[in-house]
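What's in my_file14.txt: compact mmCIF, C-alpha atoms and all ligand atoms
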# COMPACT_ATOMS: atom_id res chain seq x y z
CA MET A 1 -1.59 -2.65 19.47
CA GLU A 2 -4.01 -1.05 17.04
CA LYS A 3 -6.89 -3.43 16.33
CA ASN A 4 -8.34 -1.40 13.54
CA PHE A 5 -7.00 -3.25 10.51
CA ARG A 6 -7.35 -2.30 6.86
CA ILE A 7 -7.22 -4.63 3.86
CA ALA A 8 -6.00 -3.14 0.58
CA PRO A 9 -6.56 -5.36 -2.47
CA SER A 10 -3.84 -4.77 -5.09
CA ILE A 11 -5.59 -4.43 -8.43
CA LEU A 12 -2.37 -5.49 -10.12
CA SER A 13 -3.75 -9.03 -9.88
CA ALA A 14 -7.30 -8.12 -10.97
CA ASN A 15 -8.74 -8.95 -14.38
CA PHE A 16 -7.91 -5.75 -16.27
CA ALA A 17 -10.49 -6.53 -18.93
CA LYS A 18 -13.14 -6.09 -16.22
CA LEU A 19 -11.35 -3.69 -13.91
CA GLY A 20 -14.36 -1.59 -12.88
CA GLN A 21 -16.42 -4.62 -11.88
CA GLU A 22 -13.45 -6.14 -10.09
CA ILE A 23 -13.12 -3.03 -7.93
CA VAL A 24 -16.82 -2.84 -7.11
CA ASP A 25 -16.89 -6.53 -6.20
CA VAL A 26 -13.70 -6.56 -4.12
CA ILE A 27 -14.76 -3.53 -2.07
CA SER A 28 -18.21 -5.01 -1.49
CA SER A 29 -16.53 -8.12 -0.09
CA GLY A 30 -15.47 -5.98 2.89
CA THR A 31 -12.10 -4.56 1.90
CA ASP A 32 -11.03 -0.99 2.63
CA PHE A 33 -8.53 0.47 0.15
CA VAL A 34 -7.94 0.10 -3.57
CA HIS A 35 -4.17 -0.46 -3.78
CA PHE A 36 -3.08 0.99 -7.12
CA ASP A 37 0.38 -0.14 -8.29
CA VAL A 38 2.11 2.22 -10.71
CA MET A 39 5.20 0.80 -12.46
CA ASP A 40 7.30 2.58 -15.07
CA ASN A 41 9.64 -0.06 -16.60
CA HIS A 42 12.52 2.04 -15.29
CA TYR A 43 12.49 2.07 -11.50
CA VAL A 44 10.98 -1.44 -11.63
CA PRO A 45 11.02 -3.91 -14.54
CA ASN A 46 7.30 -3.79 -15.31
CA LEU A 47 4.78 -1.36 -16.74
CA THR A 48 1.25 -0.91 -15.41
CA ILE A 49 -1.33 1.83 -15.05
CA GLY A 50 -1.34 5.61 -14.73
CA PRO A 51 -3.53 8.59 -13.81
CA LEU A 52 -6.03 7.96 -16.64
CA VAL A 53 -6.97 4.63 -15.11
CA CYS A 54 -7.16 6.19 -11.64
CA GLU A 55 -9.52 8.84 -12.98
CA ALA A 56 -11.66 6.19 -14.69
CA ILE A 57 -12.13 4.10 -11.55
CA ARG A 58 -12.60 7.04 -9.16
CA PRO A 59 -16.38 7.36 -9.71
CA LEU A 60 -16.92 3.65 -9.04
CA THR A 61 -16.06 3.65 -5.34
CA LYS A 62 -15.86 5.79 -2.24
CA ALA A 63 -13.02 3.58 -0.97
CA THR A 64 -9.64 5.14 -0.37
CA ILE A 65 -7.42 4.89 -3.45
CA ASP A 66 -3.93 4.05 -2.21
CA VAL A 67 -1.50 4.88 -5.04
CA HIS A 68 1.88 3.13 -4.77
CA LEU A 69 4.33 4.83 -7.11
CA MET A 70 7.15 2.59 -8.33
CA VAL A 71 8.46 5.27 -10.67
CA LYS A 72 11.54 7.46 -10.97
CA PRO A 73 11.45 10.42 -10.88
CA VAL A 74 8.23 10.84 -8.87
CA ASP A 75 7.57 14.58 -8.78
CA ARG A 76 6.24 15.10 -12.31
CA ILE A 77 3.44 12.57 -11.88
CA ILE A 78 2.33 13.32 -8.28
CA PRO A 79 -0.09 16.19 -9.07
CA ASP A 80 -1.60 14.15 -11.93
CA PHE A 81 -2.57 11.37 -9.53
CA ALA A 82 -3.97 13.87 -7.04
CA LYS A 83 -6.16 15.35 -9.79
CA ALA A 84 -7.18 11.85 -10.84
CA GLY A 85 -8.65 11.20 -7.38
CA ALA A 86 -5.91 9.49 -5.39
CA ASP A 87 -6.34 9.69 -1.60
CA ILE A 88 -2.93 8.42 -0.55
CA ILE A 89 0.27 8.63 -2.61
CA THR A 90 3.35 6.69 -1.52
CA PHE A 91 6.72 6.57 -3.26
CA HIS A 92 10.13 4.97 -2.79
CA PRO A 93 12.94 7.19 -1.43
CA GLU A 94 15.10 5.93 -4.33
CA GLY A 95 12.59 7.48 -6.74
CA SER A 96 13.13 11.02 -5.45
CA ASP A 97 16.22 13.23 -5.35
CA HIS A 98 14.58 15.41 -2.68
CA ILE A 99 12.42 13.27 -0.44
CA ASP A 100 11.22 16.05 1.84
CA ARG A 101 10.18 18.11 -1.19
CA SER A 102 8.31 15.20 -2.82
CA LEU A 103 6.43 14.49 0.44
CA SER A 104 5.40 18.16 0.59
CA LEU A 105 4.29 18.00 -3.01
CA VAL A 106 1.97 15.09 -2.19
CA ARG A 107 0.48 16.95 0.79
CA ASP A 108 0.19 20.23 -1.13
CA SER A 109 -1.69 18.35 -3.85
CA GLY A 110 -4.27 17.38 -1.21
CA CYS A 111 -3.32 13.75 -0.55
CA LYS A 112 -1.99 11.75 2.37
CA SER A 113 1.67 10.92 1.86
CA GLY A 114 3.90 7.98 2.51
CA LEU A 115 7.30 6.41 1.99
CA VAL A 116 7.85 2.87 0.72
CA PHE A 117 10.76 0.72 1.86
CA ASN A 118 12.18 -2.06 -0.29
CA PRO A 119 13.39 -5.12 1.63
CA ALA A 120 16.96 -3.73 1.78
CA THR A 121 16.10 -0.03 2.18
CA PRO A 122 16.87 1.22 5.71
CA LEU A 123 14.14 2.77 7.87
CA GLU A 124 16.41 5.72 8.68
CA TYR A 125 14.85 7.58 5.76
CA LEU A 126 11.94 8.18 8.13
CA ASP A 127 13.86 9.93 10.84
CA HIS A 128 13.72 13.54 9.71
CA VAL A 129 10.40 13.51 7.84
CA MET A 130 7.90 11.90 10.23
CA ASP A 131 5.83 15.09 10.34
CA LYS A 132 5.24 14.78 6.59
CA ILE A 133 4.23 11.12 6.59
CA ASP A 134 0.79 9.54 6.97
CA MET A 135 1.73 6.02 5.95
CA VAL A 136 4.83 3.84 6.07
CA LEU A 137 4.77 1.01 3.54
CA LEU A 138 7.16 -1.92 3.95
CA MET A 139 7.68 -4.08 0.89
CA SER A 140 7.80 -7.76 1.82
CA VAL A 141 8.88 -8.65 -1.76
CA ASN A 142 11.06 -6.81 -4.24
CA PRO A 143 8.73 -4.50 -6.16
CA GLY A 144 7.69 -5.19 -9.75
CA PHE A 145 5.41 -8.19 -9.74
CA GLY A 146 2.48 -9.72 -7.94
CA GLY A 147 2.46 -13.32 -6.76
CA GLN A 148 5.88 -13.40 -5.05
CA LYS A 149 6.72 -15.05 -1.73
CA PHE A 150 6.71 -13.06 1.53
CA ILE A 151 10.29 -12.34 2.73
CA PRO A 152 10.37 -13.37 6.45
CA GLU A 153 12.94 -10.71 7.47
CA THR A 154 10.10 -8.21 6.94
CA LEU A 155 8.70 -9.33 10.31
CA ASN A 156 11.76 -7.91 12.13
CA LYS A 157 11.60 -4.75 10.09
CA LEU A 158 7.90 -4.35 10.87
CA SER A 159 8.64 -4.50 14.61
CA GLN A 160 11.27 -1.80 14.21
CA ALA A 161 8.96 0.39 12.14
CA ARG A 162 6.14 -0.16 14.69
CA LYS A 163 8.41 1.12 17.48
CA LYS A 164 9.41 4.23 15.57
CA ILE A 165 5.80 4.98 14.64
CA ASP A 166 4.45 4.36 18.16
CA THR A 167 7.08 6.64 19.66
CA TYR A 168 6.19 9.34 17.17
CA MET A 169 2.42 8.90 17.59
CA GLU A 170 2.68 9.21 21.37
CA LYS A 171 4.71 12.36 21.03
CA SER A 172 2.67 14.02 18.27
CA GLY A 173 -0.82 12.58 18.77
CA ARG A 174 -0.94 12.06 15.01
CA GLN A 175 -1.87 8.77 13.29
CA ILE A 176 0.55 7.03 10.91
CA TRP A 177 -0.47 3.76 9.24
CA LEU A 178 1.94 0.86 8.79
CA GLU A 179 1.21 -1.03 5.60
CA VAL A 180 2.82 -4.21 4.29
CA ASP A 181 2.90 -5.20 0.62
CA GLY A 182 3.83 -8.50 -1.00
CA GLY A 183 2.98 -12.15 -0.45
CA VAL A 184 0.31 -11.52 2.20
CA ASN A 185 -2.27 -14.31 2.47
CA PRO A 186 -4.67 -15.89 5.01
CA ASN A 187 -1.89 -18.16 6.34
CA ASN A 188 0.62 -15.45 7.23
CA ILE A 189 -1.47 -12.32 7.89
CA GLU A 190 -1.82 -13.08 11.62
CA GLU A 191 1.94 -13.11 12.28
CA ILE A 192 2.38 -10.06 10.06
CA ALA A 193 -0.19 -8.19 12.14
CA LYS A 194 1.46 -9.37 15.35
CA ALA A 195 4.75 -7.94 14.06
CA GLY A 196 3.09 -4.54 13.85
CA ALA A 197 1.36 -3.98 10.50
CA ASP A 198 -2.13 -2.46 10.55
CA THR A 199 -2.80 -2.23 6.80
CA PHE A 200 -2.39 -5.20 4.46
CA VAL A 201 -1.99 -5.23 0.70
CA ALA A 202 -3.06 -8.49 -0.90
CA GLY A 203 -3.12 -9.00 -4.65
CA SER A 204 -2.88 -12.58 -5.86
CA ALA A 205 -4.30 -13.99 -2.61
CA ILE A 206 -7.55 -12.10 -3.21
CA PHE A 207 -7.91 -11.83 -6.97
CA GLY A 208 -6.54 -15.33 -7.57
CA SER A 209 -9.33 -16.75 -5.46
CA GLY A 210 -12.36 -16.02 -7.64
CA LYS A 211 -12.88 -17.43 -11.09
CA ASP A 212 -16.31 -16.62 -12.37
CA SER A 213 -18.72 -13.73 -12.50
CA ASP A 214 -20.18 -14.32 -9.02
CA PRO A 215 -20.19 -10.84 -7.42
CA ASN A 216 -19.52 -12.49 -4.03
CA ARG A 217 -16.49 -14.44 -5.25
CA TYR A 218 -14.07 -12.59 -2.95
CA ASP A 219 -16.13 -12.94 0.22
CA THR A 220 -14.53 -16.22 1.28
CA VAL A 221 -10.91 -15.10 1.05
CA VAL A 222 -11.62 -11.72 2.64
CA LYS A 223 -13.41 -13.46 5.50
CA SER A 224 -10.43 -15.74 6.05
CA LEU A 225 -8.11 -12.71 6.15
CA ARG A 226 -10.43 -11.03 8.69
CA ASP A 227 -10.77 -14.20 10.77
CA ALA A 228 -6.99 -14.48 10.96
CA LEU A 229 -6.74 -10.81 11.99
CA ALA A 230 -9.31 -11.41 14.70
CA GLN A 231 -6.78 -13.74 16.39
CA VAL A 232 -4.33 -10.87 16.91
C1 LIG B 301 4.52 -5.42 -6.07
C2 LIG B 301 3.29 -4.61 -5.76
C3 LIG B 301 2.31 -5.31 -4.90
C4 LIG B 301 1.78 -6.59 -5.47
C5 LIG B 301 1.28 -7.44 -4.36
O1 LIG B 301 5.49 -4.62 -6.64
O2 LIG B 301 3.64 -3.41 -5.10
O3 LIG B 301 1.26 -4.43 -4.53
O4 LIG B 301 0.77 -6.40 -6.39
O5 LIG B 301 0.83 -8.63 -4.90
P1 LIG B 301 0.80 -9.98 -4.06
O6 LIG B 301 -0.15 -9.79 -2.95
O7 LIG B 301 0.36 -10.98 -5.07
O8 LIG B 301 2.21 -10.23 -3.58
ZN ZN B 302 2.03 -2.15 -4.13

Could you spell out this file's structure in structure tokens?
Amino acid sequence: MEKNFRIAPSILSANFAKLGQEIVDVISSGTDFVHFDVMDNHYVPNLTIGPLVCEAIRPLTKATIDVHLMVKPVDRIIPDFAKAGADIITFHPEGSDHIDRSLSLVRDSGCKSGLVFNPATPLEYLDHVMDKIDMVLLMSVNPGFGGQKFIPETLNKLSQARKKIDTYMEKSGRQIWLEVDGGVNPNNIEEIAKAGADTFVAGSAIFGSGKDSDPNRYDTVVKSLRDALAQV
């Protein structure tokens, strides 16, 4: 199993009034990606942030910006996020009428691409597009809100996704990351990693843990996530 784990704080749970500082502080606590949740009040019942916010935070960090599009349709907005500095763009198959074309659009815009699977969305969407995918993202909650409970069936699905990805990586020699998103915390991250995930989104578990203006306020929770991963 891959031991090189990445932690991706979801800024959905950050203090938006201080977003820039939140990002600087959470990355300096030892996290890897900025997970950027884009919701359109159409594909999911919530409305969040767009390319303007991505562009505004881009100069603040060298960390990978991992844009998770919960929008429908996806194609119109993909190049805007690439221009705004996104490194990875993932979208839900239900958000695209032509999945292969949307994946190519992400790559042609200069970003790494990925597909996101809702709890009930089958992994078969991967089968004919592996060559166009850099990340597989499994939702462990239904998308739309932070702070929900991890759905345990995701552990079985992670094992299945791990097998598909390992088979493909052996054959192609190309890396694909397996990310999990929703309800991840220091108590469950170890079993989630054992099921096969290598990249972990955590929103409320991280941003809910610090209250004041201490720049090191996220160190404790990030260390407990890392300590749990070290057991894998
Ligand atoms: C949910 C979002 C998640 C969410 C995770 O639709 O995609 O990224 O912010 O938040 P937590 O970690 O609180 O479940
Ligand atoms: Zn997300």

For the point (8.4, -7.3, -12.8) in the file's frame, write as a PyMOL selection string all residues with an atom no more than 10 Å away, counting only C-alpha atoms. chain A and resi 39+41+44-48+142-146

Residue subset to file, keeping C-alpha atoms, as a short mmCIF file (atom, residue, chain, number, x, y, z; two decimals), keeping the file's coordinate frame:
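Contents of out37.cif, freshly written:
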data_model
loop_
_atom_site.label_atom_id
_atom_site.label_comp_id
_atom_site.auth_asym_id
_atom_site.auth_seq_id
_atom_site.Cartn_x
_atom_site.Cartn_y
_atom_site.Cartn_z
CA MET A 39 5.20 0.80 -12.46
CA ASN A 41 9.64 -0.06 -16.60
CA VAL A 44 10.98 -1.44 -11.63
CA PRO A 45 11.02 -3.91 -14.54
CA ASN A 46 7.30 -3.79 -15.31
CA LEU A 47 4.78 -1.36 -16.74
CA THR A 48 1.25 -0.91 -15.41
CA ASN A 142 11.06 -6.81 -4.24
CA PRO A 143 8.73 -4.50 -6.16
CA GLY A 144 7.69 -5.19 -9.75
CA PHE A 145 5.41 -8.19 -9.74
CA GLY A 146 2.48 -9.72 -7.94
#

Output as JSON the centre and edge lengths (Å, one decimal) of the box along x, y and z of the file that holds every listed atom of ligand LIG 301 (chain B) after adding 5 Å on each side.
{"center_x": 2.7, "center_y": -7.2, "center_z": -4.8, "size_x": 15.6, "size_y": 17.6, "size_z": 13.7}

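Computed from the coordinates, the atom CA of Ser104 of chain A to atom CA of Leu60 of chain A distance equals 28.3 Å.
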
Rank nothing, just name the residue among A:Cys111, A:Ile88, A:Ile57, A:Ile206 nearest to Gln21 of chain A, using all atoms listed in the file. A:Ile57

What's the separation between atom CA of Ile89 of chain A and atom CA of Ala120 of chain A, in Å to one decimal place? 21.2 Å

Residues within 8 Å of ligand ZN 302 (chain B) (all atoms listed in the file), as a CSV table (one decimal) with C-alpha atoms, keeping the file's coordinate frame?
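Now in part-v8.csv:
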chain,number,residue,atom,x,y,z
A,10,SER,CA,-3.8,-4.8,-5.1
A,35,HIS,CA,-4.2,-0.5,-3.8
A,36,PHE,CA,-3.1,1.0,-7.1
A,37,ASP,CA,0.4,-0.1,-8.3
A,38,VAL,CA,2.1,2.2,-10.7
A,67,VAL,CA,-1.5,4.9,-5.0
A,68,HIS,CA,1.9,3.1,-4.8
A,69,LEU,CA,4.3,4.8,-7.1
A,139,MET,CA,7.7,-4.1,0.9
A,143,PRO,CA,8.7,-4.5,-6.2
A,181,ASP,CA,2.9,-5.2,0.6
A,182,GLY,CA,3.8,-8.5,-1.0
A,201,VAL,CA,-2.0,-5.2,0.7

Gap from atom CA of Lys157 of chain A to atom CA of Arg6 of chain A - Å, one decimal: 19.4 Å
